[in-house]
file protein.cif (mmCIF, C-alpha atoms and all ligand atoms)
data_entry
#
loop_
_atom_site.label_atom_id
_atom_site.label_comp_id
_atom_site.auth_asym_id
_atom_site.auth_seq_id
_atom_site.Cartn_x
_atom_site.Cartn_y
_atom_site.Cartn_z
CA MET A 1 -2.69 8.45 40.84
CA THR A 2 -1.21 8.71 37.37
CA HIS A 3 -3.00 9.40 34.14
CA ALA A 4 -2.09 7.90 30.79
CA PRO A 5 -2.00 10.13 27.71
CA VAL A 6 -5.49 10.43 26.26
CA PRO A 7 -5.79 9.95 22.51
CA LYS A 8 -8.29 12.05 20.63
CA PRO A 9 -11.58 10.14 20.47
CA TYR A 10 -11.80 10.57 16.69
CA ILE A 11 -8.42 8.86 16.32
CA LEU A 12 -9.72 5.85 18.24
CA GLY A 13 -12.58 5.72 15.71
CA ILE A 14 -10.07 4.73 13.01
CA HIS A 15 -9.74 1.10 12.01
CA ALA A 16 -6.06 0.82 11.12
CA TYR A 17 -5.49 -0.06 7.47
CA ALA A 18 -5.23 -3.86 7.18
CA PRO A 19 -2.90 -4.81 4.33
CA GLY A 20 -3.55 -7.87 2.17
CA LYS A 21 -2.06 -11.19 3.21
CA SER A 22 1.18 -12.31 1.59
CA ALA A 23 1.71 -15.61 3.47
CA ALA A 24 -0.49 -18.65 4.07
CA SER A 25 -1.47 -19.64 7.62
CA ASP A 26 1.41 -22.14 7.62
CA GLY A 27 3.86 -19.33 6.76
CA ARG A 28 4.32 -20.33 3.12
CA ALA A 29 4.84 -17.26 0.90
CA LEU A 30 1.95 -16.61 -1.46
CA ILE A 31 1.97 -14.96 -4.85
CA LYS A 32 0.29 -11.64 -4.11
CA LEU A 33 -2.78 -10.88 -6.18
CA SER A 34 -4.02 -8.80 -3.28
CA ALA A 35 -2.40 -5.38 -3.56
CA ASN A 36 -2.88 -4.35 -7.20
CA GLU A 37 0.85 -4.33 -7.84
CA ASN A 38 2.27 -4.51 -11.36
CA PRO A 39 2.89 -8.17 -12.31
CA LEU A 40 5.52 -7.04 -14.83
CA GLY A 41 7.54 -5.50 -11.98
CA THR A 42 9.33 -2.22 -12.61
CA SER A 43 10.85 -0.63 -15.70
CA ALA A 44 14.52 -1.54 -16.08
CA ALA A 45 15.32 2.17 -16.48
CA ALA A 46 13.67 2.95 -13.14
CA LEU A 47 15.57 0.12 -11.45
CA ALA A 48 18.84 1.49 -12.85
CA ALA A 49 17.95 4.93 -11.49
CA LEU A 50 17.28 3.43 -8.06
CA GLU A 51 20.68 1.81 -8.16
CA SER A 52 22.37 5.07 -9.17
CA ALA A 53 20.83 6.89 -6.19
CA ARG A 54 22.56 4.65 -3.64
CA GLY A 55 25.56 6.98 -3.34
CA GLU A 56 23.32 9.83 -2.16
CA ALA A 57 21.93 8.12 0.91
CA ALA A 58 23.60 10.57 3.32
CA SER A 59 21.99 13.65 1.75
CA TYR A 60 18.44 14.93 2.11
CA PRO A 61 16.37 14.70 -1.04
CA ASP A 62 15.27 17.74 -3.05
CA PRO A 63 12.39 19.01 -0.88
CA ASP A 64 10.57 20.37 -3.94
CA ALA A 65 11.08 17.32 -6.19
CA LYS A 66 11.75 19.84 -8.93
CA ALA A 67 13.09 17.50 -11.61
CA LEU A 68 10.29 15.01 -11.03
CA ARG A 69 7.56 17.67 -11.10
CA THR A 70 9.04 19.02 -14.33
CA GLY A 71 9.06 15.54 -15.86
CA ILE A 72 5.45 14.92 -14.82
CA ALA A 73 4.42 18.31 -16.19
CA GLU A 74 6.10 17.63 -19.54
CA LEU A 75 4.50 14.22 -19.97
CA HIS A 76 0.99 15.41 -19.15
CA GLY A 77 1.12 18.99 -20.45
CA LEU A 78 0.72 20.48 -16.98
CA ASP A 79 2.24 23.43 -15.12
CA PRO A 80 4.93 22.18 -12.67
CA ALA A 81 3.91 24.94 -10.26
CA ARG A 82 0.53 23.24 -9.99
CA ILE A 83 2.04 19.89 -8.98
CA VAL A 84 3.00 18.60 -5.54
CA CYS A 85 4.56 15.21 -4.80
CA GLY A 86 3.75 13.02 -1.83
CA THR A 87 4.81 9.93 0.09
CA GLY A 88 2.49 7.87 -2.06
CA SER A 89 -0.81 9.39 -3.03
CA ASP A 90 -2.06 8.19 0.37
CA GLU A 91 -0.21 11.07 1.99
CA LEU A 92 -1.80 13.53 -0.42
CA LEU A 93 -5.30 12.18 0.20
CA ASN A 94 -4.78 12.61 3.93
CA LEU A 95 -3.35 16.11 3.51
CA ALA A 96 -6.24 17.14 1.26
CA ALA A 97 -8.68 16.16 4.01
CA GLN A 98 -6.59 17.78 6.74
CA GLY A 99 -6.12 21.00 4.81
CA PHE A 100 -9.80 21.57 4.21
CA ALA A 101 -11.78 19.66 6.84
CA GLY A 102 -11.77 19.30 10.61
CA THR A 103 -14.03 18.77 13.59
CA GLY A 104 -17.65 19.47 12.73
CA ASP A 105 -17.07 19.10 8.98
CA GLU A 106 -18.04 16.25 6.70
CA VAL A 107 -15.96 14.33 4.18
CA LEU A 108 -18.06 12.59 1.57
CA PHE A 109 -17.36 9.53 -0.53
CA SER A 110 -19.13 6.61 -2.12
CA ARG A 111 -19.97 3.25 -0.51
CA HIS A 112 -17.44 0.56 -1.52
CA SER A 113 -14.72 3.10 -2.32
CA PHE A 114 -11.12 3.42 -1.17
CA VAL A 115 -10.67 2.60 2.52
CA VAL A 116 -8.18 5.46 3.02
CA TYR A 117 -10.96 8.10 2.65
CA ASP A 118 -12.57 7.04 5.90
CA ILE A 119 -9.20 7.15 7.66
CA ALA A 120 -8.34 10.53 6.13
CA ALA A 121 -11.65 11.99 7.33
CA ARG A 122 -11.32 10.69 10.89
CA ARG A 123 -7.64 11.63 11.18
CA CYS A 124 -8.54 15.31 11.04
CA GLY A 125 -11.60 14.97 13.25
CA ALA A 126 -14.10 15.29 10.39
CA THR A 127 -17.13 13.02 10.00
CA PRO A 128 -16.93 10.49 7.16
CA VAL A 129 -20.18 10.32 5.18
CA GLU A 130 -20.90 7.50 2.73
CA ALA A 131 -23.31 7.91 -0.17
CA PRO A 132 -24.88 4.71 -1.51
CA ASP A 133 -23.45 3.35 -4.75
CA ARG A 134 -25.32 1.64 -7.57
CA ASP A 135 -24.13 -1.72 -8.95
CA PHE A 136 -20.78 -1.18 -7.21
CA THR A 137 -20.40 2.11 -9.11
CA ALA A 138 -20.31 5.66 -7.73
CA ASP A 139 -23.76 7.24 -8.02
CA VAL A 140 -23.48 10.95 -8.80
CA ASP A 141 -27.08 11.67 -7.77
CA ALA A 142 -26.58 9.91 -4.43
CA LEU A 143 -23.32 11.79 -3.82
CA LEU A 144 -24.92 15.14 -4.61
CA ALA A 145 -27.91 14.30 -2.41
CA ALA A 146 -25.52 13.61 0.48
CA VAL A 147 -23.85 17.03 0.27
CA SER A 148 -24.72 19.19 3.27
CA GLU A 149 -23.60 22.63 4.38
CA ARG A 150 -20.94 20.82 6.42
CA THR A 151 -19.42 18.99 3.45
CA ARG A 152 -15.89 20.23 2.84
CA VAL A 153 -14.25 17.49 0.79
CA VAL A 154 -15.57 14.87 -1.66
CA PHE A 155 -13.35 11.92 -2.63
CA LEU A 156 -13.97 10.01 -5.82
CA ALA A 157 -11.72 7.21 -7.07
CA ASN A 158 -12.05 6.74 -10.82
CA PRO A 159 -11.54 3.90 -11.61
CA ASN A 160 -12.61 2.87 -8.13
CA ASN A 161 -10.92 0.50 -5.69
CA PRO A 162 -12.09 -2.14 -4.62
CA THR A 163 -14.77 -2.43 -7.32
CA GLY A 164 -12.82 -1.50 -10.49
CA THR A 165 -15.78 0.48 -11.79
CA TRP A 166 -15.46 3.79 -13.59
CA ILE A 167 -17.80 6.69 -14.29
CA THR A 168 -17.75 8.68 -17.52
CA PRO A 169 -16.19 12.12 -18.00
CA ALA A 170 -19.72 13.51 -18.37
CA GLU A 171 -20.69 12.06 -14.98
CA ILE A 172 -17.53 13.47 -13.36
CA ALA A 173 -18.35 16.87 -14.84
CA ARG A 174 -21.93 16.59 -13.57
CA LEU A 175 -20.70 15.77 -10.06
CA HIS A 176 -18.37 18.74 -10.12
CA ALA A 177 -21.04 21.09 -11.49
CA GLY A 178 -23.42 20.04 -8.72
CA LEU A 179 -20.99 20.73 -5.88
CA PRO A 180 -20.79 24.10 -4.15
CA THR A 181 -17.62 25.87 -5.27
CA ASP A 182 -16.26 25.83 -1.71
CA VAL A 183 -16.28 22.03 -1.58
CA LEU A 184 -12.99 20.42 -2.61
CA MET A 185 -13.41 17.57 -5.09
CA VAL A 186 -10.51 15.13 -4.92
CA LEU A 187 -10.32 12.87 -7.96
CA ASP A 188 -8.18 9.89 -7.05
CA GLU A 189 -6.78 8.59 -10.33
CA ALA A 190 -4.50 5.82 -9.05
CA TYR A 191 -5.64 3.59 -11.93
CA ALA A 192 -6.12 6.22 -14.66
CA GLU A 193 -3.23 4.88 -16.75
CA TYR A 194 -5.19 1.68 -17.30
CA LEU A 195 -7.88 3.60 -19.19
CA ASP A 196 -7.86 4.31 -22.92
CA ALA A 197 -5.73 7.36 -23.71
CA ASP A 198 -8.65 9.73 -24.41
CA ALA A 199 -10.28 8.98 -21.05
CA GLN A 200 -7.12 9.67 -19.05
CA SER A 201 -6.98 13.45 -18.99
CA VAL A 202 -10.50 14.36 -17.90
CA GLY A 203 -9.41 15.07 -14.35
CA PHE A 204 -6.49 17.22 -15.46
CA ALA A 205 -8.81 19.41 -17.53
CA LEU A 206 -11.15 19.92 -14.56
CA ALA A 207 -8.24 20.63 -12.20
CA ALA A 208 -6.86 23.20 -14.66
CA ALA A 209 -10.20 24.96 -15.09
CA HIS A 210 -11.53 25.08 -11.52
CA ASP A 211 -10.26 26.18 -8.11
CA ASN A 212 -11.81 23.28 -6.22
CA VAL A 213 -10.50 20.18 -8.02
CA LEU A 214 -7.43 18.23 -6.95
CA VAL A 215 -6.35 15.20 -9.00
CA THR A 216 -4.06 12.60 -7.43
CA ARG A 217 -1.90 10.06 -9.27
CA THR A 218 0.58 7.45 -8.14
CA PHE A 219 3.71 5.61 -9.22
CA SER A 220 2.59 2.59 -7.18
CA LYS A 221 0.40 0.91 -9.75
CA ILE A 222 1.17 0.92 -13.48
CA TYR A 223 4.68 2.32 -12.88
CA GLY A 224 5.51 -0.55 -10.53
CA LEU A 225 7.17 1.58 -7.84
CA ALA A 226 4.93 0.89 -4.84
CA ALA A 227 7.88 0.32 -2.50
CA GLU A 228 9.28 3.78 -3.19
CA ARG A 229 6.06 5.57 -2.07
CA ILE A 230 5.66 8.28 -4.70
CA GLY A 231 2.42 10.02 -5.56
CA TRP A 232 1.56 13.43 -6.89
CA ALA A 233 -1.35 15.82 -7.13
CA THR A 234 -2.29 18.67 -9.43
CA GLY A 235 -4.72 21.50 -8.86
CA ALA A 236 -5.09 25.26 -8.49
CA PRO A 237 -2.06 27.05 -6.97
CA ALA A 238 -4.00 27.77 -3.77
CA LEU A 239 -4.70 24.04 -3.29
CA VAL A 240 -1.10 23.07 -3.99
CA ASP A 241 0.01 25.78 -1.54
CA VAL A 242 -2.06 24.25 1.26
CA ILE A 243 -0.59 20.79 0.64
CA ASN A 244 2.92 22.26 0.55
CA ARG A 245 2.40 23.87 3.96
CA ILE A 246 1.50 20.64 5.70
CA ARG A 247 3.44 17.92 3.88
CA GLY A 248 6.72 16.60 5.23
CA PRO A 249 9.51 18.82 3.86
CA PHE A 250 11.47 15.81 2.56
CA ASN A 251 8.49 13.58 1.85
CA VAL A 252 9.81 11.89 -1.30
CA THR A 253 13.17 10.12 -1.16
CA SER A 254 16.02 10.86 -3.59
CA SER A 255 15.86 7.34 -4.96
CA GLY A 256 12.11 7.64 -5.37
CA GLN A 257 12.39 10.92 -7.25
CA LYS A 258 15.04 9.52 -9.59
CA ALA A 259 13.26 6.25 -10.17
CA ALA A 260 9.95 7.96 -10.88
CA LEU A 261 11.56 10.33 -13.36
CA ALA A 262 13.20 7.41 -15.17
CA ALA A 263 9.90 5.49 -15.10
CA LEU A 264 8.11 8.41 -16.75
CA ASP A 265 10.67 8.28 -19.55
CA ASP A 266 9.95 4.60 -20.17
CA GLN A 267 6.43 4.84 -21.57
CA GLN A 268 7.09 1.61 -23.44
CA PHE A 269 6.96 -0.20 -20.10
CA VAL A 270 3.71 1.58 -19.27
CA GLU A 271 2.24 0.56 -22.64
CA ALA A 272 3.30 -3.04 -22.14
CA SER A 273 1.80 -3.06 -18.64
CA ARG A 274 -1.49 -1.63 -19.92
CA ALA A 275 -1.65 -4.10 -22.84
CA HIS A 276 -0.92 -7.05 -20.56
CA ASN A 277 -3.61 -5.90 -18.13
CA THR A 278 -6.24 -5.31 -20.80
CA ALA A 279 -5.73 -8.73 -22.38
CA GLU A 280 -5.50 -10.73 -19.14
CA ARG A 281 -8.40 -8.87 -17.54
CA ALA A 282 -10.63 -9.67 -20.53
CA ARG A 283 -9.62 -13.33 -20.40
CA PHE A 284 -10.25 -13.48 -16.64
CA ILE A 285 -13.65 -11.76 -16.87
CA ALA A 286 -14.68 -14.17 -19.65
CA ALA A 287 -13.60 -17.13 -17.50
CA ILE A 288 -15.71 -15.86 -14.59
CA ALA A 289 -18.67 -15.27 -16.91
CA ALA A 290 -18.43 -18.94 -17.90
CA LEU A 291 -19.06 -19.81 -14.23
CA CYS A 292 -22.25 -17.77 -13.91
CA ASN A 293 -24.31 -20.96 -13.42
CA HIS A 294 -22.42 -21.37 -10.16
CA GLY A 295 -23.19 -17.86 -8.96
CA LEU A 296 -19.85 -16.29 -9.87
CA ALA A 297 -19.94 -12.84 -11.47
CA ALA A 298 -17.21 -10.32 -12.30
CA VAL A 299 -17.90 -6.64 -11.74
CA GLN A 300 -16.92 -4.78 -14.92
CA SER A 301 -13.44 -3.36 -14.30
CA GLU A 302 -11.36 -0.59 -15.83
CA ALA A 303 -8.51 -1.17 -13.37
CA ASN A 304 -5.81 -3.81 -12.82
CA PHE A 305 -8.01 -6.02 -10.65
CA VAL A 306 -11.44 -7.57 -10.78
CA LEU A 307 -14.04 -7.87 -8.04
CA VAL A 308 -15.51 -11.36 -8.28
CA ARG A 309 -18.85 -11.98 -6.57
CA PHE A 310 -19.84 -15.35 -5.17
CA ASP A 311 -23.62 -15.67 -4.97
CA GLY A 312 -23.97 -19.45 -5.37
CA GLU A 313 -22.93 -22.54 -3.46
CA VAL A 314 -19.21 -21.64 -3.69
CA ARG A 315 -18.62 -18.98 -1.02
CA ALA A 316 -16.02 -16.21 -1.26
CA GLU A 317 -14.29 -17.48 1.85
CA THR A 318 -14.05 -21.00 0.39
CA ALA A 319 -12.48 -19.57 -2.76
CA LEU A 320 -10.11 -17.42 -0.67
CA ASN A 321 -8.88 -20.53 1.15
CA ALA A 322 -8.64 -22.67 -1.99
CA LEU A 323 -6.61 -19.96 -3.73
CA ALA A 324 -4.30 -19.68 -0.69
CA GLU A 325 -3.90 -23.47 -0.77
CA ALA A 326 -2.88 -23.13 -4.43
CA GLY A 327 -0.35 -20.41 -3.51
CA TYR A 328 -2.28 -17.18 -4.18
CA ALA A 329 -3.25 -14.31 -1.90
CA VAL A 330 -6.33 -12.37 -3.00
CA ARG A 331 -8.34 -9.77 -1.11
CA HIS A 332 -11.44 -10.57 0.92
CA LEU A 333 -13.06 -7.37 2.21
CA PRO A 334 -15.90 -8.20 4.60
CA SER A 335 -14.92 -5.10 6.60
CA GLN A 336 -15.81 -2.99 3.56
CA GLY A 337 -19.23 -4.53 3.23
CA LEU A 338 -18.10 -7.10 0.65
CA PRO A 339 -18.30 -10.49 2.46
CA ASP A 340 -19.42 -12.27 -0.74
CA ALA A 341 -16.68 -11.03 -3.05
CA LEU A 342 -12.93 -11.28 -3.67
CA ARG A 343 -10.79 -8.60 -5.25
CA ILE A 344 -8.24 -10.30 -7.49
CA THR A 345 -5.32 -8.40 -9.01
CA ILE A 346 -4.54 -9.21 -12.65
CA GLY A 347 -1.24 -11.07 -12.40
CA LYS A 348 1.10 -12.81 -14.80
CA SER A 349 -0.52 -14.87 -17.50
CA GLY A 350 0.41 -18.25 -16.00
CA ASP A 351 -0.87 -17.19 -12.58
CA MET A 352 -4.20 -16.10 -14.03
CA THR A 353 -4.52 -19.47 -15.77
CA ARG A 354 -3.97 -21.24 -12.44
CA VAL A 355 -6.40 -18.95 -10.58
CA ILE A 356 -9.04 -19.69 -13.22
CA ALA A 357 -8.37 -23.44 -12.87
CA VAL A 358 -8.79 -23.28 -9.07
CA LEU A 359 -12.12 -21.45 -9.40
CA ARG A 360 -13.35 -23.86 -12.09
CA GLN A 361 -12.46 -26.86 -9.95
CA LEU A 362 -14.29 -25.37 -6.95
CA CYS A 363 -17.36 -25.13 -9.20
CA GLY A 364 -16.93 -28.77 -10.23
CA GLU A 365 -15.93 -27.85 -13.79
CA ALA A 366 -12.96 -29.27 -15.66
CA PRO A 367 -9.95 -26.95 -15.22
C1 LIG B 1 -3.42 2.04 -4.60
C2 LIG B 1 -4.29 3.21 -4.47
C3 LIG B 1 -3.75 4.47 -4.19
C4 LIG B 1 -2.26 4.68 -4.20
O1 LIG B 1 -1.65 4.62 -3.04
P1 LIG B 1 -0.13 5.06 -2.94
O2 LIG B 1 -0.09 5.69 -1.60
O3 LIG B 1 0.17 6.05 -4.01
O4 LIG B 1 0.66 3.83 -3.05
C5 LIG B 1 -4.57 5.56 -4.14
N1 LIG B 1 -5.90 5.43 -4.34
C6 LIG B 1 -6.45 4.25 -4.63
C7 LIG B 1 -7.89 4.17 -4.93
C8 LIG B 1 -5.66 3.11 -4.69
O5 LIG B 1 -6.22 1.92 -4.93
#
call {"tool": "encode", "arguments": {"input": "protein.cif", "output": "structure tokens", "more": "lines below"}}
Ligand SMILES: *Cc1c(COP(=O)(O)O)cnc(C)c1O
result
Amino acid sequence: MTHAPVPKPYILGIHAYAPGKSAASDGRALIKLSANENPLGTSAAALAALESARGEAASYPDPDAKALRTGIAELHGLDPARIVCGTGSDELLNLAAQGFAGTGDEVLFSRHSFVVYDIAARRCGATPVEAPDRDFTADVDALLAAVSERTRVVFLANPNNPTGTWITPAEIARLHAGLPTDVLMVLDEAYAEYLDADAQSVGFALAAAHDNVLVTRTFSKIYGLAAERIGWATGAPALVDVINRIRGPFNVTSSGQKAALAALDDQQFVEASRAHNTAERARFIAAIAALCNHGLAAVQSEANFVLVRFDGEVRAETALNALAEAGYAVRHLPSQGLPDALRITIGKSGDMTRVIAVLRQLCGEAP
């Protein structure tokens, strides 16, 4: 009798990440408003850097991403020694959990937060613990009440995905102050660049001042480099040291390092992306507000997407299908406890106009 390899039971507890759809059921390509990608694409300078890296394909990348870490440090006023780069910030979130939690430990996060936290907890054998949220927003009191002597890591996305909600610097500070000093607080700031300038550096200040705060950022969203898989984290040297021990030695490609560095230099593109998002998001939220008689409601968002709730006769699934029919993929997340909502990325202006028209027509209103 033969025996098959036996996977760890906690690995079988993972629901593999299900990416958003990008094709209709008949195979037709859809315009993706389902993955929070930048509708303006990528900075021309970053694309040129990608092109220039083609000749280096036979060589391993710089394992320490030194030039990129230096560039990040200069832009944000950080110490490059306190920065580590990752294969997307997803890798860093997983490594943060793995470095500090394992079997018998708990990893805490908010209900309706980023799906990767649950995977990161289970991957290292730890128990994922969800604290209830309030109005789709992280609830600091509920998070603190859920801390036990087994809690090792707390994840908080701010702004949060999939809800788009954001908690104030004072609330972040209150969460941190309420945590035992041996609990790692990971602030996932994938959407921080969409905030007003003065709200952007709160996490950095906490990470500089305390030994138990790690802030993660990404080039996948406002920088428009999702395909290159580049993220980074900053925190106390001892935290960065742990991540460096367990990350892949060549975890960021040469082209990715070059493109990210060039993208950092093109803050004009970042500004344009933020301005586009702020204007189109406001227009979209106003259009949803105009459909409140039909049970549609937009959750207030500080990110590059909006969670639209469907509490009337038009169901989320009906809207999902109508939008696909019109050529748009948006995100339906029943598996995350959001069967009555769609997460819609802020796209190009013309696309947002068409999405609004589809939703208005479903409600029986003139487009
Ligand atoms: C998109 C996203 C990330 C970034 O993932 P990458 O691996 O850097 O592409 C991280 N956290 C949240 C909350 C996100 O929505």
call {"tool": "atom_distance", "arguments": {"input": "protein.cif", "atom1": "CA of Pro128 (chain A)", "atom2": "CA of Ile83 (chain A)"}}
result
26.6 Å
call {"tool": "atom_distance", "arguments": {"input": "protein.cif", "atom1": "CA of Ala319 (chain A)", "atom2": "CA of Phe305 (chain A)"}}
result
16.3 Å
call {"tool": "residues_around", "arguments": {"input": "protein.cif", "residues": "Ala233 (chain A)", "least_positions_apart": "2", "cutoff": "6 Å", "atoms": "all atoms listed in the file", "output": "JSON, numbers by chain"}}
result
{"A": [83, 84, 215, 216]}
call {"tool": "atom_distance", "arguments": {"input": "protein.cif", "atom1": "CA of Ser148 (chain A)", "atom2": "CA of Ala208 (chain A)"}}
result
25.6 Å
call {"tool": "residues_near_ligand", "arguments": {"input": "protein.cif", "ligand": "ligand LIG 1 (chain B)", "cutoff": "10 Å", "atoms": "only C-alpha atoms and all ligand atoms", "output": "PyMOL selection string"}}
result
chain A and resi 35-37+86-93+113-117+155-164+187-191+216-221+224-232+303-305
call {"tool": "decode", "arguments": {"input": "protein.cif", "residues": "region 224-246 of chain A", "atoms": "N, CA and C atoms", "output": "PDB file, in the first residue's frame"}}
result
ATOM      1  N   GLY A 224       1.119  52.122 -10.721  1.00  0.00           N
ATOM      2  CA  GLY A 224       0.765  51.422 -11.956  1.00  0.00           C
ATOM      3  C   GLY A 224       1.766  50.358 -12.391  1.00  0.00           C
ATOM      4  N   LEU A 225       2.357  49.655 -11.416  1.00  0.00           N
ATOM      5  CA  LEU A 225       3.357  48.629 -11.756  1.00  0.00           C
ATOM      6  C   LEU A 225       2.973  47.260 -11.199  1.00  0.00           C
ATOM      7  N   ALA A 226       1.686  46.956 -11.197  1.00  0.00           N
ATOM      8  CA  ALA A 226       1.229  45.701 -10.572  1.00  0.00           C
ATOM      9  C   ALA A 226       1.885  44.464 -11.186  1.00  0.00           C
ATOM     10  N   ALA A 227       2.133  44.497 -12.486  1.00  0.00           N
ATOM     11  CA  ALA A 227       2.704  43.317 -13.149  1.00  0.00           C
ATOM     12  C   ALA A 227       4.125  43.036 -12.688  1.00  0.00           C
ATOM     13  N   GLU A 228       4.831  44.063 -12.232  1.00  0.00           N
ATOM     14  CA  GLU A 228       6.233  43.870 -11.845  1.00  0.00           C
ATOM     15  C   GLU A 228       6.396  43.299 -10.440  1.00  0.00           C
ATOM     16  N   ARG A 229       5.331  43.334  -9.614  1.00  0.00           N
ATOM     17  CA  ARG A 229       5.353  42.772  -8.271  1.00  0.00           C
ATOM     18  C   ARG A 229       6.432  43.403  -7.379  1.00  0.00           C
ATOM     19  N   ILE A 230       6.219  44.655  -7.017  1.00  0.00           N
ATOM     20  CA  ILE A 230       7.184  45.324  -6.139  1.00  0.00           C
ATOM     21  C   ILE A 230       6.461  45.971  -4.975  1.00  0.00           C
ATOM     22  N   GLY A 231       6.819  45.563  -3.780  1.00  0.00           N
ATOM     23  CA  GLY A 231       6.318  46.205  -2.570  1.00  0.00           C
ATOM     24  C   GLY A 231       7.491  46.502  -1.656  1.00  0.00           C
ATOM     25  N   TRP A 232       7.235  47.224  -0.599  1.00  0.00           N
ATOM     26  CA  TRP A 232       8.306  47.459   0.368  1.00  0.00           C
ATOM     27  C   TRP A 232       7.711  47.676   1.747  1.00  0.00           C
ATOM     28  N   ALA A 233       8.577  47.510   2.750  1.00  0.00           N
ATOM     29  CA  ALA A 233       8.134  47.694   4.127  1.00  0.00           C
ATOM     30  C   ALA A 233       9.187  48.482   4.870  1.00  0.00           C
ATOM     31  N   THR A 234       8.746  49.239   5.875  1.00  0.00           N
ATOM     32  CA  THR A 234       9.690  49.929   6.749  1.00  0.00           C
ATOM     33  C   THR A 234       9.308  49.679   8.199  1.00  0.00           C
ATOM     34  N   GLY A 235      10.339  49.570   9.024  1.00  0.00           N
ATOM     35  CA  GLY A 235      10.119  49.326  10.444  1.00  0.00           C
ATOM     36  C   GLY A 235      11.460  49.272  11.160  1.00  0.00           C
ATOM     37  N   ALA A 236      11.424  48.938  12.432  1.00  0.00           N
ATOM     38  CA  ALA A 236      12.641  48.857  13.245  1.00  0.00           C
ATOM     39  C   ALA A 236      13.624  47.867  12.618  1.00  0.00           C
ATOM     40  N   PRO A 237      14.937  48.105  12.801  1.00  0.00           N
ATOM     41  CA  PRO A 237      15.949  47.213  12.211  1.00  0.00           C
ATOM     42  C   PRO A 237      15.719  45.738  12.547  1.00  0.00           C
ATOM     43  N   ALA A 238      15.258  45.442  13.747  1.00  0.00           N
ATOM     44  CA  ALA A 238      15.054  44.037  14.122  1.00  0.00           C
ATOM     45  C   ALA A 238      13.913  43.412  13.308  1.00  0.00           C
ATOM     46  N   LEU A 239      12.915  44.207  12.953  1.00  0.00           N
ATOM     47  CA  LEU A 239      11.809  43.689  12.124  1.00  0.00           C
ATOM     48  C   LEU A 239      12.289  43.454  10.700  1.00  0.00           C
ATOM     49  N   VAL A 240      13.011  44.447  10.170  1.00  0.00           N
ATOM     50  CA  VAL A 240      13.543  44.337   8.811  1.00  0.00           C
ATOM     51  C   VAL A 240      14.495  43.138   8.719  1.00  0.00           C
ATOM     52  N   ASP A 241      15.260  42.915   9.775  1.00  0.00           N
ATOM     53  CA  ASP A 241      16.198  41.785   9.810  1.00  0.00           C
ATOM     54  C   ASP A 241      15.463  40.453   9.682  1.00  0.00           C
ATOM     55  N   VAL A 242      14.340  40.324  10.370  1.00  0.00           N
ATOM     56  CA  VAL A 242      13.568  39.073  10.297  1.00  0.00           C
ATOM     57  C   VAL A 242      13.066  38.843   8.872  1.00  0.00           C
ATOM     58  N   ILE A 243      12.529  39.902   8.261  1.00  0.00           N
ATOM     59  CA  ILE A 243      12.020  39.765   6.884  1.00  0.00           C
ATOM     60  C   ILE A 243      13.170  39.391   5.943  1.00  0.00           C
ATOM     61  N   ASN A 244      14.332  40.023   6.147  1.00  0.00           N
ATOM     62  CA  ASN A 244      15.471  39.732   5.275  1.00  0.00           C
ATOM     63  C   ASN A 244      15.942  38.284   5.384  1.00  0.00           C
ATOM     64  N   ARG A 245      15.776  37.680   6.565  1.00  0.00           N
ATOM     65  CA  ARG A 245      16.192  36.287   6.737  1.00  0.00           C
ATOM     66  C   ARG A 245      15.313  35.330   5.950  1.00  0.00           C
ATOM     67  N   ILE A 246      14.038  35.661   5.797  1.00  0.00           N
ATOM     68  CA  ILE A 246      13.130  34.666   5.219  1.00  0.00           C
ATOM     69  C   ILE A 246      12.630  35.014   3.816  1.00  0.00           C
TER      70      ILE A 246
END
